[in-house]
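Everything below belongs to protein-v3.txt, which stores compact mmCIF, C-alpha atoms and all ligand atoms.
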# COMPACT_ATOMS: atom_id res chain seq x y z
CA MET A 237 -39.82 27.72 52.55
CA SER A 238 -41.29 31.14 51.85
CA ARG A 239 -44.32 32.58 53.54
CA VAL A 240 -47.64 30.70 53.46
CA PHE A 241 -50.53 33.05 52.72
CA ASP A 242 -54.01 32.88 54.23
CA GLY A 243 -57.23 34.63 53.28
CA SER A 244 -56.64 37.62 55.53
CA SER A 245 -53.45 38.82 53.76
CA THR A 246 -53.99 41.52 51.18
CA MET A 247 -54.02 40.45 47.54
CA ALA A 248 -51.47 43.18 46.78
CA SER A 249 -48.97 41.76 49.31
CA LEU A 250 -49.26 38.39 47.61
CA VAL A 251 -48.27 39.90 44.28
CA PHE A 252 -45.46 41.93 45.83
CA SER A 253 -43.96 38.75 47.27
CA GLU A 254 -43.87 36.89 43.94
CA TYR A 255 -44.33 38.53 40.57
CA ASN A 256 -44.51 35.18 38.82
CA LEU A 257 -47.92 34.74 40.47
CA LEU A 258 -49.40 37.42 38.19
CA PRO A 259 -50.44 35.00 35.43
CA VAL A 260 -51.55 32.48 38.07
CA ILE A 261 -53.92 35.06 39.55
CA ASN A 262 -55.19 35.98 36.08
CA ARG A 263 -56.09 32.35 35.44
CA PHE A 264 -58.72 32.70 38.15
CA GLY A 265 -60.20 35.67 36.29
CA ILE A 266 -58.75 38.02 38.91
CA ARG A 267 -57.28 41.29 37.60
CA LEU A 268 -55.20 44.01 39.22
CA GLY A 269 -56.49 47.11 41.04
CA PHE A 270 -57.10 45.40 44.41
CA LYS A 271 -56.77 48.45 46.70
CA ASP A 272 -56.24 46.99 50.17
CA LYS A 273 -58.71 44.15 49.83
CA THR A 274 -57.82 40.81 51.35
CA ILE A 275 -57.36 37.65 49.33
CA GLU A 276 -60.66 36.38 50.69
CA GLN A 277 -62.56 39.54 49.61
CA VAL A 278 -61.08 39.53 46.12
CA CYS A 279 -61.83 35.83 45.68
CA GLU A 280 -65.45 36.31 46.77
CA GLU A 281 -65.95 39.22 44.42
CA ASN A 282 -64.68 37.09 41.54
CA GLY A 283 -66.59 33.95 42.46
CA VAL A 284 -63.40 32.03 43.25
CA GLU A 285 -63.22 29.45 46.05
CA THR A 286 -60.70 31.02 48.46
CA SER A 287 -59.31 27.75 49.85
CA PHE A 288 -58.64 26.48 46.34
CA PHE A 289 -57.00 29.75 45.31
CA LEU A 290 -54.78 29.61 48.41
CA ALA A 291 -53.84 25.99 47.76
CA ILE A 292 -52.73 26.90 44.24
CA VAL A 293 -50.72 30.02 45.11
CA ASN A 294 -49.09 28.46 48.16
CA THR A 295 -48.10 25.37 46.16
CA TYR A 296 -46.62 27.70 43.58
CA MET A 297 -44.44 29.52 46.08
CA ASN A 298 -43.46 26.53 48.21
CA PRO A 299 -42.64 23.40 46.23
CA ASN A 300 -43.01 21.34 49.40
CA TYR A 301 -46.34 22.78 50.39
CA LEU A 302 -49.30 20.49 50.01
CA PRO A 303 -52.71 21.50 51.32
CA HIS A 304 -53.15 18.42 53.53
CA SER A 305 -56.42 19.33 55.11
CA GLY A 306 -59.19 19.60 52.60
CA LEU A 307 -57.02 18.42 49.72
CA ILE A 308 -59.49 15.72 48.90
CA GLY A 309 -62.26 18.26 49.30
CA PHE A 310 -61.44 20.07 46.06
CA SER A 311 -63.53 19.12 43.14
CA PRO A 312 -61.41 17.52 40.41
CA GLY A 313 -63.50 19.59 38.00
CA LEU A 314 -62.19 22.79 39.57
CA ILE A 315 -58.58 21.61 39.26
CA VAL A 316 -59.02 20.54 35.65
CA ASP A 317 -60.51 23.95 34.82
CA TYR A 318 -57.48 25.63 36.33
CA LEU A 319 -55.03 23.32 34.53
CA HIS A 320 -56.87 23.85 31.26
CA LYS A 321 -56.55 27.62 31.63
CA THR A 322 -52.85 27.12 32.32
CA HIS A 323 -52.53 25.13 29.08
CA ASP A 324 -54.22 27.99 27.25
CA TYR A 325 -51.73 30.40 28.75
CA TYR A 326 -48.81 28.24 27.55
CA LEU A 327 -50.22 27.78 24.05
CA ASN A 328 -51.39 31.34 23.50
CA TYR A 329 -48.71 33.26 25.34
CA SER A 330 -45.62 31.44 26.74
CA ILE A 331 -44.72 29.34 23.71
CA PRO A 332 -45.37 32.01 21.03
CA ARG A 333 -43.34 34.45 23.10
CA ILE A 334 -40.45 32.02 23.47
CA ASP A 335 -40.64 31.25 19.73
CA TYR A 336 -40.32 34.96 19.05
CA LEU A 337 -37.49 35.53 21.51
CA LEU A 338 -35.58 32.50 20.23
CA ASP A 339 -35.84 33.78 16.67
CA GLY A 340 -34.38 37.08 17.81
CA LEU A 341 -31.60 35.31 19.68
CA VAL A 342 -30.69 32.92 16.86
CA ASN A 343 -30.75 35.68 14.23
CA SER A 344 -28.46 37.83 16.36
CA GLY A 345 -25.81 35.12 16.54
CA GLN A 346 -24.03 32.82 14.17
CA GLY A 347 -22.48 29.43 13.85
CA GLU A 348 -23.48 25.86 14.27
CA GLY A 349 -24.26 26.30 17.98
CA MET A 350 -27.22 28.56 17.28
CA ALA A 351 -28.63 26.10 14.76
CA LEU A 352 -28.31 23.27 17.27
CA ILE A 353 -30.13 25.27 19.93
CA ARG A 354 -32.94 26.02 17.52
CA LYS A 355 -33.18 22.36 16.56
CA PHE A 356 -33.28 21.28 20.19
CA TYR A 357 -36.04 23.76 20.95
CA ARG A 358 -38.10 22.67 17.91
CA GLU A 359 -37.92 19.09 19.07
CA TYR A 360 -38.99 20.13 22.54
CA ARG A 361 -41.83 22.27 21.22
CA HIS A 362 -43.16 19.27 19.36
CA GLU A 363 -43.13 17.15 22.51
CA PHE A 364 -44.72 19.98 24.44
CA PHE A 365 -47.75 20.14 22.12
CA ALA A 366 -48.11 16.36 22.14
CA HIS A 367 -48.03 16.35 25.94
CA ILE A 368 -50.72 19.02 26.24
CA SER A 369 -52.98 17.45 23.59
CA ASP A 370 -52.75 14.11 25.33
CA GLU A 371 -53.97 15.64 28.57
CA GLU A 372 -56.67 17.71 26.87
CA GLU A 373 -57.91 14.80 24.77
CA ASN A 374 -57.59 11.91 27.21
CA PHE A 375 -56.99 12.72 30.85
CA PHE A 376 -59.12 15.85 31.31
CA PRO A 377 -62.22 14.46 29.50
CA TYR A 378 -61.88 11.36 31.67
CA VAL A 379 -61.77 13.45 34.86
CA ARG A 380 -64.83 15.42 33.73
CA SER A 381 -66.65 12.18 32.93
CA ILE A 382 -65.92 10.90 36.42
CA VAL A 383 -67.19 14.13 37.98
CA SER A 384 -70.41 13.89 36.00
CA GLY A 385 -70.93 10.37 37.32
CA LYS A 386 -70.67 8.70 33.89
CA PRO A 387 -67.07 7.51 33.91
CA ASN A 388 -65.49 6.85 30.57
CA ALA A 389 -63.92 3.43 31.03
CA THR A 390 -61.11 3.84 28.52
CA TYR A 391 -58.82 5.79 30.84
CA ALA A 392 -57.73 5.75 34.52
CA ALA A 393 -55.66 7.80 36.96
CA ARG A 394 -53.08 5.01 36.81
CA THR A 395 -52.73 5.40 33.05
CA PHE A 396 -51.94 9.05 33.60
CA GLU A 397 -49.47 8.35 36.40
CA GLN A 398 -47.63 5.79 34.30
CA THR A 399 -47.37 7.84 31.13
CA HIS A 400 -47.10 11.42 32.36
CA THR A 401 -43.76 12.81 31.17
CA ASN A 402 -41.64 15.61 32.55
CA LEU A 403 -41.85 18.83 30.52
CA ASP A 404 -39.46 21.02 32.50
CA GLU A 405 -36.45 18.72 32.15
CA LYS A 406 -35.52 19.72 28.61
CA LEU A 407 -36.00 23.39 29.42
CA SER A 408 -33.42 23.01 32.14
CA ASP A 409 -31.12 21.23 29.63
CA LEU A 410 -31.58 24.12 27.21
CA ARG A 411 -30.77 26.67 29.89
CA ASN A 412 -27.64 24.72 30.89
CA LEU A 413 -26.46 24.42 27.29
CA ILE A 414 -26.81 28.14 26.67
CA ILE A 415 -25.41 29.38 29.96
CA LYS A 416 -22.52 26.94 30.24
CA TYR A 417 -21.52 25.73 26.79
CA LEU A 418 -22.79 27.85 23.90
CA GLN A 419 -20.29 30.25 22.30
CA PRO A 420 -21.69 33.75 22.95
CA THR A 421 -21.86 35.00 19.37
CA TYR A 422 -25.34 36.44 19.99
CA ASP A 423 -26.73 39.76 21.23
CA ASP A 424 -26.58 39.66 25.04
CA ASN A 425 -29.88 41.44 25.68
CA ARG A 426 -31.75 39.11 23.36
CA CYS A 427 -30.21 36.12 25.05
CA ASN A 428 -31.08 37.44 28.51
CA GLU A 429 -34.70 38.05 27.52
CA PHE A 430 -34.91 34.56 26.12
CA LEU A 431 -33.40 32.98 29.24
CA ILE A 432 -35.73 34.88 31.56
CA ALA A 433 -38.81 33.82 29.56
CA LEU A 434 -37.50 30.26 29.57
CA HIS A 435 -36.95 30.38 33.30
CA ASN A 436 -40.47 31.66 33.95
CA LEU A 437 -41.96 28.89 31.85
CA GLU A 438 -39.81 26.29 33.59
CA ASP A 439 -41.03 27.47 37.01
CA ASP A 440 -44.63 27.56 35.91
CA LEU A 441 -44.38 24.08 34.38
CA LYS A 442 -42.87 22.62 37.54
CA ASP A 443 -45.81 23.94 39.52
CA HIS A 444 -48.24 22.74 36.88
CA ALA A 445 -46.81 19.21 36.97
CA ARG A 446 -46.94 19.18 40.78
CA ILE A 447 -50.65 19.98 40.65
CA GLU A 448 -51.22 17.23 38.08
CA ASP A 449 -49.13 14.59 39.81
CA LEU A 450 -49.55 15.37 43.49
CA ILE A 451 -53.01 16.90 43.70
CA LEU A 452 -55.17 15.95 40.75
CA ALA A 453 -54.09 12.33 40.20
CA PRO A 454 -54.50 11.28 43.88
CA ILE A 455 -57.92 12.95 44.07
CA VAL A 456 -59.08 11.20 40.90
CA GLU A 457 -57.80 7.91 42.28
CA GLN A 458 -59.85 8.49 45.43
CA VAL A 459 -62.97 9.25 43.39
CA GLU A 460 -62.39 6.07 41.38
CA LYS A 461 -62.27 4.10 44.63
CA ASP A 462 -65.46 5.76 45.88
CA LEU A 463 -67.19 4.85 42.62
CA GLY A 464 -65.90 1.29 42.89
CA LEU A 465 -63.89 1.48 39.67
CA MET B 180 -8.22 19.31 62.67
CA ASN B 181 -8.91 17.65 59.34
CA ALA B 182 -5.47 16.40 58.44
CA LEU B 183 -2.53 14.78 60.18
CA VAL B 184 1.08 15.37 59.17
CA GLN B 185 3.86 13.34 60.75
CA ILE B 186 7.52 14.15 60.45
CA VAL B 187 9.94 11.27 60.88
CA HIS B 188 13.57 12.33 60.96
CA PRO B 189 16.53 11.51 63.18
CA SER B 190 17.85 15.08 62.99
CA ASP B 191 16.39 17.33 65.69
CA VAL B 192 17.08 20.44 63.61
CA ILE B 193 15.28 19.18 60.52
CA ARG B 194 12.42 17.62 62.47
CA LEU B 195 11.70 20.62 64.64
CA GLY B 196 12.34 23.09 61.82
CA LEU B 197 9.75 21.42 59.62
CA GLN B 198 7.33 21.25 62.52
CA ALA B 199 7.64 25.01 62.99
CA VAL B 200 6.97 25.61 59.27
CA LEU B 201 3.92 23.35 59.13
CA ASN B 202 2.39 24.54 62.37
CA ASN B 203 1.49 27.73 60.50
CA LEU B 204 -0.83 25.88 58.15
CA PRO B 205 -4.45 25.90 59.33
CA GLY B 206 -6.34 22.67 59.94
CA LEU B 207 -3.24 20.54 60.48
CA GLN B 208 -2.11 18.47 63.39
CA VAL B 209 1.65 17.91 63.29
CA LEU B 210 3.41 15.06 65.12
CA VAL B 211 7.17 14.44 65.16
CA HIS B 212 9.10 11.18 65.55
CA ARG B 213 12.75 10.10 65.48
CA ASP B 214 11.84 6.85 63.68
CA PHE B 215 8.84 4.96 62.37
CA GLY B 216 8.43 3.00 65.62
CA THR B 217 6.22 5.65 67.20
CA VAL B 218 4.27 6.77 64.10
CA CYS B 219 0.56 7.11 64.68
CA THR B 220 -1.26 4.60 62.48
CA ASN B 221 -4.79 5.74 63.08
CA PHE B 222 -5.31 6.81 59.48
CA CYS B 223 -8.90 7.97 59.60
CA ARG B 224 -8.12 11.51 58.50
CA LYS B 225 -6.11 12.78 55.55
CA ASN B 226 -2.55 11.73 56.20
CA LEU B 227 0.89 12.72 55.13
CA ILE B 228 4.27 11.55 56.36
CA LEU B 229 7.49 13.48 55.76
CA PHE B 230 10.47 11.20 56.36
CA ASP B 231 14.20 11.03 55.92
CA LEU B 232 15.06 9.44 52.59
CA SER B 233 17.05 6.72 54.39
CA LEU B 234 13.80 5.52 56.01
CA ILE B 235 12.01 4.86 52.73
CA GLN B 236 11.80 1.12 53.39
CA ASP B 237 9.98 1.73 56.67
CA PHE B 238 7.58 4.02 54.86
CA ASP B 239 6.95 1.47 52.11
CA GLU B 240 6.27 -1.20 54.70
CA LEU B 241 3.80 1.04 56.52
CA LYS B 242 2.05 1.72 53.25
CA ARG B 243 1.84 -1.98 52.52
CA THR B 244 0.40 -2.73 55.96
CA PHE B 245 -2.25 -0.05 55.63
CA CYS B 246 -2.73 -0.44 51.92
CA ARG B 247 -6.41 0.40 52.02
CA THR B 248 -5.82 3.95 53.18
CA LYS B 249 -4.62 6.83 51.12
CA LEU B 250 -1.25 7.63 52.62
CA ASP B 251 1.05 10.08 50.95
CA GLY B 252 4.70 10.53 51.75
CA VAL B 253 7.38 13.10 51.16
CA ALA B 254 11.00 12.04 51.25
CA ILE B 255 13.47 14.50 52.73
CA ALA B 256 16.86 14.36 51.05
CA ILE B 257 20.11 15.82 52.23
CA ASP B 258 21.90 17.53 49.31
CA GLY B 259 23.63 15.18 46.95
CA GLN B 260 21.38 12.24 47.79
CA LYS B 261 19.65 10.67 44.80
CA MET B 262 15.93 11.53 44.69
CA THR B 263 13.51 8.66 44.42
CA HIS B 264 10.89 8.50 41.75
CA GLY B 265 7.22 7.94 42.46
CA ILE B 266 7.26 9.91 45.66
CA ALA B 267 7.36 13.63 46.40
CA ASN B 268 10.71 14.99 47.47
CA ILE B 269 12.04 17.97 49.29
CA SER B 270 15.65 18.72 50.02
CA ILE B 271 17.41 20.59 52.75
CA ASN B 272 17.42 23.67 50.46
CA THR B 273 13.71 23.73 49.70
CA SER B 274 12.16 27.07 50.68
CA GLU B 275 9.58 27.40 53.45
CA GLN B 276 6.96 28.52 50.89
CA LYS B 277 7.58 25.50 48.65
CA VAL B 278 7.26 23.08 51.57
CA LYS B 279 3.95 24.61 52.57
CA GLU B 280 2.66 24.52 49.00
CA LEU B 281 3.63 20.89 48.56
CA VAL B 282 2.00 19.81 51.82
CA ALA B 283 -1.16 21.79 51.04
CA GLU B 284 -1.34 20.25 47.59
CA LEU B 285 -0.86 16.67 48.77
CA LEU B 286 -3.48 17.09 51.49
CA GLU B 287 -5.81 18.93 49.10
CA LEU B 288 -6.12 21.74 51.62
CA ASN B 289 -7.07 24.20 48.87
CA SER B 290 -9.68 21.91 47.35
CA LYS B 291 -12.29 24.67 47.49
CA SER B 292 -10.91 26.56 44.52
CA LYS B 293 -8.97 24.53 42.02
CA PRO B 294 -10.07 20.89 41.81
CA LYS B 295 -13.75 21.88 41.42
CA LEU B 296 -13.22 22.24 37.71
CA ASP B 297 -11.56 18.83 37.48
CA GLN B 298 -14.45 17.26 39.34
CA ASN B 299 -16.89 18.57 36.77
CA SER B 300 -15.00 17.62 33.66
CA LEU B 301 -15.81 14.20 32.27
CA THR B 302 -13.51 11.20 32.60
CA ASP B 303 -12.37 9.39 29.45
CA ARG B 304 -14.85 6.61 30.12
CA GLU B 305 -17.68 9.09 30.57
CA ILE B 306 -16.76 10.68 27.24
CA ASP B 307 -16.95 7.22 25.56
CA ILE B 308 -20.43 6.79 27.01
CA LEU B 309 -21.45 10.32 26.05
CA LYS B 310 -20.47 9.67 22.43
CA CYS B 311 -22.58 6.51 22.38
CA VAL B 312 -25.57 8.34 23.86
CA ALA B 313 -25.17 11.07 21.26
CA LYS B 314 -25.17 8.48 18.49
CA GLY B 315 -28.54 7.30 19.79
CA LEU B 316 -27.46 3.97 21.31
CA SER B 317 -29.57 2.48 24.09
CA ASN B 318 -28.05 1.60 27.46
CA LYS B 319 -28.02 -2.05 26.44
CA GLU B 320 -26.25 -1.28 23.16
CA ILE B 321 -23.70 0.88 24.96
CA ALA B 322 -23.04 -1.91 27.46
CA ASP B 323 -22.45 -4.43 24.64
CA PHE B 324 -20.33 -2.03 22.64
CA LEU B 325 -18.03 -1.12 25.54
CA HIS B 326 -18.10 -4.57 27.17
CA ILE B 327 -19.46 -3.31 30.49
CA SER B 328 -22.64 -4.02 32.42
CA ILE B 329 -25.85 -2.03 31.94
CA HIS B 330 -25.61 -1.11 35.60
CA THR B 331 -22.22 0.50 34.97
CA VAL B 332 -23.60 2.38 31.97
CA ILE B 333 -26.45 3.74 34.11
CA THR B 334 -24.04 4.81 36.85
CA HIS B 335 -21.86 6.63 34.30
CA ARG B 336 -24.90 8.35 32.82
CA LYS B 337 -26.01 9.53 36.24
CA ASN B 338 -22.55 10.95 36.88
CA ILE B 339 -22.47 12.66 33.49
CA THR B 340 -25.84 14.27 34.16
CA SER B 341 -24.91 15.45 37.62
CA LYS B 342 -21.66 16.94 36.31
CA LEU B 343 -23.19 18.72 33.32
CA GLY B 344 -26.72 19.46 34.50
CA ILE B 345 -28.03 17.94 31.25
CA LYS B 346 -30.45 15.03 31.42
CA SER B 347 -31.93 14.35 27.99
CA ALA B 348 -30.16 12.35 25.27
CA SER B 349 -30.69 15.15 22.75
CA GLY B 350 -29.29 17.70 25.21
CA LEU B 351 -26.21 15.51 25.72
CA THR B 352 -25.83 15.21 21.96
CA ILE B 353 -25.70 18.98 21.58
CA TYR B 354 -23.24 19.22 24.44
CA ALA B 355 -21.02 16.63 22.73
CA ILE B 356 -21.02 18.65 19.49
CA LEU B 357 -20.51 22.03 21.17
CA GLU B 358 -17.56 20.66 23.11
CA GLY B 359 -16.07 19.01 20.02
CA PHE B 360 -16.42 15.39 21.17
CA LEU B 361 -18.47 14.60 18.13
CA ASN B 362 -18.68 15.65 14.55
CA PRO B 363 -22.27 16.65 13.70
CA ALA B 364 -22.00 14.50 10.58
CA ASP B 365 -21.65 11.44 12.81
CA ILE B 366 -25.12 11.67 14.18
CA THR B 367 -28.69 12.20 13.23
CA LEU B 368 -30.44 14.65 15.50
CA GLY B 369 -33.91 13.65 16.65
FE FE C 501 -50.69 19.78 31.86
FE FE C 502 -48.60 17.44 32.30
Could you spell out this file's structure in structure tokens?
Amino acid sequence: MSRVFDGSSTMASLVFSEYNLLPVINRFGIRLGFKDKTIEQVCEENGVETSFFLAIVNTYMNPNYLPHSGLIGFSPGLIVDYLHKTHDYYLNYSIPRIDYLLDGLVNSGQGEGMALIRKFYREYRHEFFAHISDEEENFFPYVRSIVSGKPNATYAARTFEQTHTNLDEKLSDLRNLIIKYLQPTYDDNRCNEFLIALHNLEDDLKDHARIEDLILAPIVEQVEKDLGL
Amino acid sequence: MNALVQIVHPSDVIRLGLQAVLNNLPGLQVLVHRDFGTVCTNFCRKNLILFDLSLIQDFDELKRTFCRTKLDGVAIAIDGQKMTHGIANISINTSEQKVKELVAELLELNSKSKPKLDQNSLTDREIDILKCVAKGLSNKEIADFLHISIHTVITHRKNITSKLGIKSASGLTIYAILEGFLNPADITLG
């Protein structure tokens, strides 16, 4: 388990300890140039709830970390906003970038293997979009409706829990296929760039799914109970 | 001590000579006996018995009595004696190095390096299952096709995934093609 940060650490030290947190921090509307300000100061300046920010970054760095105390205290609306911004990041940055890097990789190599990899990725990409649309069109509107006190009866936290699929699994398959079994006919640098981008997305998705499954869904379930649903 | 080697031989010279050779191997406890009467039968560790070829019946009987344990034997032949099949042999002329290598191999003392690769390659049965998965068959269909239970199919699939690091059916399909287990014409991808 890596270090758990609190509000008195400097924002810069947080970034130094894990570069993959850069886009996570951006999702809160926080940008670089912190000087020696603490996490708490930077959060206040940007109108971000410090305890929520800490819960998110600490979960990111420590897969086993769950903010026990005060977990239920977070507004589901806040979490959905964060998850929605993450979706935007995937759709507008991660996926287009991986598309681009994969094109470069496939065009630099030859043979049936490259075509198979492209096919596998296309299939995955399709599932990825379907997964995100389902959350954006069904689960998130439901959570917002619950927060507003006018619950939309067509959905439930249980529906989400039963149908939520795993998006990082096929990325890990893809990484295994390339690293262990694909004939290296391609340009090495292009392949490395692709694998690193893939790895970053895989890590981010794992964290994203943890927030959905282990933080958001239980909180929504609790709210449902409180509302007598 | 993770392995026990016992040397059973009526000849003091052979018995004690072998003991001196094997004592140099790390992780071994070596016991010596004139005959099978005093052999230690607490076979909870890896076990190997080196015995004079004339005692093969005693060895076979011991193996039968403790048939549940993995017990390997090496027959020691004096020159000119006919070697037996189905069991490792050394002769009075075998070099010190060869004896050590044989013992290490039988006790899998070097298992860190070599057998790793074997552990991760698929068994024939797993390859049968992999081909079915790649052709898009469900677990139930695979079970019917191969005349095994669904439970067995699931166990095989788990083992395949843990060996290859590939979970999805489409990922396994690509693996099967890349490794030449399947002709791409045989299947329809996604
Ligand atoms: Fe999501
Ligand atoms: Fe999700």
Near A:Leu452, counting all atoms listed in the file, which residues have an atom at most 10 Å away, once you skip same-chain residues fewer than 6 positions from it, shown as a compact mmCIF listing (two decimals) with C-alpha atoms, keeping the file's coordinate frame?
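Everything below was put into out.txt:
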# COMPACT_ATOMS: atom_id res chain seq x y z
CA LEU A 307 -57.02 18.42 49.72
CA ILE A 308 -59.49 15.72 48.90
CA PHE A 310 -61.44 20.07 46.06
CA SER A 311 -63.53 19.12 43.14
CA PRO A 312 -61.41 17.52 40.41
CA GLY A 313 -63.50 19.59 38.00
CA LEU A 314 -62.19 22.79 39.57
CA ILE A 315 -58.58 21.61 39.26
CA VAL A 316 -59.02 20.54 35.65
CA LEU A 319 -55.03 23.32 34.53
CA VAL A 379 -61.77 13.45 34.86
CA ALA A 393 -55.66 7.80 36.96
CA ALA A 445 -46.81 19.21 36.97
CA ARG A 446 -46.94 19.18 40.78
CA GLN A 458 -59.85 8.49 45.43
At a cut-off of 9 Å, which residues of chain A touch chain B? Count all atoms listed in the file and give the answer as a PDB file with C-alpha atoms, in the frame of the given file.
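Now in iface13.pdb:
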ATOM      1  CA  GLU A 348     -23.480  25.860  14.270  1.00  0.00           C
ATOM      2  CA  GLY A 349     -24.260  26.300  17.980  1.00  0.00           C
ATOM      3  CA  LEU A 352     -28.310  23.270  17.270  1.00  0.00           C
ATOM      4  CA  ILE A 353     -30.130  25.270  19.930  1.00  0.00           C
ATOM      5  CA  LYS A 355     -33.180  22.360  16.560  1.00  0.00           C
ATOM      6  CA  PHE A 356     -33.280  21.280  20.190  1.00  0.00           C
ATOM      7  CA  GLU A 359     -37.920  19.090  19.070  1.00  0.00           C
ATOM      8  CA  GLU A 405     -36.450  18.720  32.150  1.00  0.00           C
ATOM      9  CA  LYS A 406     -35.520  19.720  28.610  1.00  0.00           C
ATOM     10  CA  SER A 408     -33.420  23.010  32.140  1.00  0.00           C
ATOM     11  CA  ASP A 409     -31.120  21.230  29.630  1.00  0.00           C
ATOM     12  CA  LEU A 410     -31.580  24.120  27.210  1.00  0.00           C
ATOM     13  CA  ASN A 412     -27.640  24.720  30.890  1.00  0.00           C
ATOM     14  CA  LEU A 413     -26.460  24.420  27.290  1.00  0.00           C
ATOM     15  CA  LYS A 416     -22.520  26.940  30.240  1.00  0.00           C
ATOM     16  CA  TYR A 417     -21.520  25.730  26.790  1.00  0.00           C
ATOM     17  CA  LEU A 418     -22.790  27.850  23.900  1.00  0.00           C
ATOM     18  CA  GLN A 419     -20.290  30.250  22.300  1.00  0.00           C
TER      19      GLN A 419
END
(message) Ranking A:Thr421, A:Asn374, A:Asn436, A:Ser253 by minimum distance to ligand FE 501 (chain C) and counting all atoms listed in the file, which one comes first?
(response)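 Counting all atoms listed in the file, the residue closest to ligand FE 501 (chain C) is A:Asn374.
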List all protein, DNA and RNA residues that have any atom at most 8 Å from ligand FE 502 (chain C), counting all atoms listed in the file, and write the list as a PDB file with C-alpha atoms, in the coordinates of the input.
ATOM      1  CA  HIS A 367     -48.030  16.350  25.940  1.00  0.00           C
ATOM      2  CA  ILE A 368     -50.720  19.020  26.240  1.00  0.00           C
ATOM      3  CA  GLU A 371     -53.970  15.640  28.570  1.00  0.00           C
ATOM      4  CA  HIS A 400     -47.100  11.420  32.360  1.00  0.00           C
ATOM      5  CA  THR A 401     -43.760  12.810  31.170  1.00  0.00           C
ATOM      6  CA  ASN A 402     -41.640  15.610  32.550  1.00  0.00           C
ATOM      7  CA  LEU A 403     -41.850  18.830  30.520  1.00  0.00           C
ATOM      8  CA  HIS A 444     -48.240  22.740  36.880  1.00  0.00           C
ATOM      9  CA  ALA A 445     -46.810  19.210  36.970  1.00  0.00           C
ATOM     10  CA  GLU A 448     -51.220  17.230  38.080  1.00  0.00           C
TER      11      GLU A 448
END
(message) Could you tell me how far atom CA of B:Val253 sits from atom CA of B:Val187, in Å to one decimal place?
(response)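 Separation of atom CA of B:Val187 and atom CA of B:Val253: 10.2 Å.
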(request) Determine the nearest neighbour of ligand FE 501 (chain C) from the options A:Glu281, A:Asp370, A:Asp272, A:Glu397, counting only C-alpha atoms and all ligand atoms. (result) A:Asp370
(request) Give the answer as one residue: which of A:Thr399, A:Val293, A:Ile432, A:Ser245 has the shortest atom-to-atom distance to A:Ile415, using all atoms listed in the file? (result)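 Smallest separation from A:Ile415 among the options: A:Ile432.
Using all atoms listed in the file, every residue with an atom at most 12 Å from the point (-35.0, 40.2, 27.3) is listed here: Arg333, Ile334, Tyr336, Leu337, Leu338, Gly340, Leu341, Asp423, Asp424, Asn425, Arg426, Cys427, Asn428, Glu429, Phe430, Leu431, Ile432, Ala433, Leu434 and His435 of chain A.
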So which residues touch B:Val184 within 7 Å, counting all atoms listed in the file, skipping near sequence neighbours fewer than 4 positions away, as a PDB file with C-alpha atoms, in the frame of the given file?
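And here is the file that came out, selection08.pdb:
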ATOM      1  CA  LEU B 207      -3.240  20.540  60.480  1.00  0.00           C
ATOM      2  CA  GLN B 208      -2.110  18.470  63.390  1.00  0.00           C
ATOM      3  CA  VAL B 209       1.650  17.910  63.290  1.00  0.00           C
ATOM      4  CA  LEU B 210       3.410  15.060  65.120  1.00  0.00           C
ATOM      5  CA  ASN B 226      -2.550  11.730  56.200  1.00  0.00           C
ATOM      6  CA  LEU B 227       0.890  12.720  55.130  1.00  0.00           C
ATOM      7  CA  ILE B 228       4.270  11.550  56.360  1.00  0.00           C
TER       8      ILE B 228
END
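A straight line drawn from atom CA of A:Arg267 to atom CA of A:Tyr329 is 17.0 Å long.
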(request) Have a look at A:Asp335, A:Asp449, A:Glu280, A:Asp439 and name the one nearest to ligand FE 501 (chain C); count only C-alpha atoms and all ligand atoms. (result)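 For ligand FE 501 (chain C), the nearest of the candidates is A:Asp449.
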